[in-house]
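Raw contents of start-v7.cif, mmCIF, C-alpha atoms, pLDDT in the B column; chains and numbers go by the auth columns:
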```
data_query
loop_
_atom_site.group_PDB
_atom_site.id
_atom_site.type_symbol
_atom_site.label_atom_id
_atom_site.label_comp_id
_atom_site.label_asym_id
_atom_site.label_seq_id
_atom_site.Cartn_x
_atom_site.Cartn_y
_atom_site.Cartn_z
_atom_site.B_iso_or_equiv
_atom_site.auth_seq_id
_atom_site.auth_asym_id
ATOM 1 C CA MET A 1 108.079 56.397 -65.902 68.00 5 V
ATOM 2 C CA ARG A 2 110.670 54.491 -67.907 80.00 6 V
ATOM 3 C CA TRP A 3 112.183 53.232 -64.619 82.00 7 V
ATOM 4 C CA LEU A 4 108.819 51.830 -63.482 86.00 8 V
ATOM 5 C CA LEU A 5 108.158 49.483 -66.408 89.00 9 V
ATOM 6 C CA PRO A 6 111.233 47.268 -65.798 90.00 10 V
ATOM 7 C CA ALA A 7 110.358 47.091 -62.089 88.00 11 V
ATOM 8 C CA LEU A 8 106.856 45.900 -62.914 90.00 12 V
ATOM 9 C CA ALA A 9 108.117 43.442 -65.534 93.00 13 V
ATOM 10 C CA ALA A 10 110.443 41.916 -62.905 92.00 14 V
ATOM 11 C CA GLY A 11 107.516 41.226 -60.576 93.00 15 V
ATOM 12 C CA GLY A 12 107.214 44.479 -58.637 93.00 16 V
ATOM 13 C CA ALA A 13 103.882 46.191 -58.065 95.00 17 V
ATOM 14 C CA THR A 14 102.659 49.743 -57.750 92.00 18 V
ATOM 15 C CA TYR A 15 100.947 50.589 -54.482 86.00 19 V
ATOM 16 C CA ASN A 16 99.755 54.130 -55.121 88.00 20 V
ATOM 17 C CA GLU A 17 98.934 56.529 -57.932 92.00 21 V
ATOM 18 C CA PRO A 18 101.558 58.852 -59.445 92.00 22 V
ATOM 19 C CA GLN A 19 101.643 62.316 -57.874 94.00 23 V
ATOM 20 C CA ASP A 20 102.183 65.251 -60.206 94.00 24 V
ATOM 21 C CA HIS A 21 102.534 68.665 -58.527 93.00 25 V
ATOM 22 C CA SER A 22 103.668 70.468 -61.715 91.00 26 V
ATOM 23 C CA PHE A 23 107.158 71.222 -60.314 92.00 27 V
ATOM 24 C CA MET A 24 107.560 67.816 -58.625 93.00 28 V
ATOM 25 C CA TYR A 25 106.621 64.275 -59.646 93.00 29 V
ATOM 26 C CA GLY A 26 106.618 61.172 -57.489 93.00 30 V
ATOM 27 C CA HIS A 27 105.674 57.539 -57.875 92.00 31 V
ATOM 28 C CA GLY A 28 106.588 54.372 -56.070 91.00 32 V
ATOM 29 C CA PHE A 29 106.593 50.625 -56.291 93.00 33 V
ATOM 30 C CA ALA A 30 107.075 47.605 -54.079 94.00 34 V
ATOM 31 C CA ASP A 31 109.795 45.120 -55.035 91.00 35 V
ATOM 32 C CA LEU A 32 109.600 41.326 -54.734 90.00 36 V
ATOM 33 C CA ASN A 33 110.571 41.501 -51.053 92.00 37 V
ATOM 34 C CA ARG A 34 107.817 44.077 -50.451 91.00 38 V
ATOM 35 C CA HIS A 35 110.293 46.899 -49.923 94.00 39 V
ATOM 36 C CA ILE A 36 108.810 50.248 -50.882 95.00 40 V
ATOM 37 C CA TRP A 37 110.735 52.480 -53.295 93.00 41 V
ATOM 38 C CA GLU A 38 109.674 56.089 -53.870 93.00 42 V
ATOM 39 C CA ILE A 39 111.132 57.878 -56.865 91.00 43 V
ATOM 40 C CA ILE A 40 110.791 61.658 -56.782 92.00 44 V
ATOM 41 C CA TYR A 41 111.873 64.290 -59.275 92.00 45 V
ATOM 42 C CA MET A 42 111.809 67.996 -58.488 92.00 46 V
ATOM 43 C CA GLU A 43 112.444 70.698 -61.064 92.00 47 V
ATOM 44 C CA PRO A 44 115.725 72.378 -60.000 91.00 48 V
ATOM 45 C CA SER A 45 114.394 75.851 -60.818 88.00 49 V
ATOM 46 C CA ALA A 46 111.694 75.379 -58.136 88.00 50 V
ATOM 47 C CA ILE A 47 114.314 75.413 -55.378 86.00 51 V
ATOM 48 C CA LYS A 48 114.536 78.784 -53.641 83.00 52 V
ATOM 49 C CA ARG A 49 118.050 79.713 -52.670 75.00 53 V
ATOM 50 C CA GLY A 50 118.448 81.654 -49.458 61.00 54 V
#
```
Before we go any further, please render this structure as structure tokens.
Amino acid sequence: MRWLLPALAAGGATYNEPQDHSFMYGHGFADLNRHIWEIIYMEPSAIKRG
């Protein structure tokens, strides 16, 4: 979330609610040019190696 606050302070806007799936978190924002940025974090231990 610490990356979102500067984006909002610079004039960006959120366009959806944060998504928390326990092992993965995602949230996005739109910048001043209305480009959509999605930031996603996934817990590395949730990745199954085959």
**OP:** Could you tell me which residues the PyMOL selection byres ((chain V and resi 32) around 10) grabs in this file, written as a PyMOL selection string?
**Re:** chain V and resi 8+17-23+30-31+33-35+40-44
Give me the box for stretch 18-33 of chain V as JSON, namely the centre and edge lengths in Å to one decimal of a box along x, y and z that holds every listed atom plus 6 Å on each side.
```
{"center_x": 103.2, "center_y": 60.5, "center_z": -58.1, "size_x": 20.6, "size_y": 33.5, "size_z": 19.2}
```
Subject >> Point-to-point distance in Å for atom CA of V:Lys52 and atom CA of V:Trp7 >> reply: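 Going from atom CA of V:Trp7 over to atom CA of V:Lys52, I get 27.9 Å.
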Name the residues in contact with V:Met28 at a cut-off of 10 Å, using all atoms listed in the file, excluding same-chain residues fewer than 5 positions from it; report them as a compact mmCIF listing (two decimals) with C-alpha atoms, in the coordinates of the input.
```
# COMPACT_ATOMS: atom_id res chain seq x y z
CA GLN V 23 101.64 62.32 -57.87
CA ILE V 44 110.79 61.66 -56.78
CA TYR V 45 111.87 64.29 -59.28
CA MET V 46 111.81 68.00 -58.49
CA GLU V 47 112.44 70.70 -61.06
CA PRO V 48 115.72 72.38 -60.00
CA ALA V 50 111.69 75.38 -58.14
```
Original post:
Any idea what the distance is between atom CA of V:Arg53 and atom CA of V:Asp24?
Top reply: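 Distance between the two atoms: 22.8 Å.
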**OP:** Name all residues at most 10 Å from V:Leu36 (count only C-alpha atoms; drop same-chain ones fewer than 4 positions away) and give them as JSON, numbers by chain.
**Re:** {"V": [11, 12, 14, 15, 16, 17, 40]}
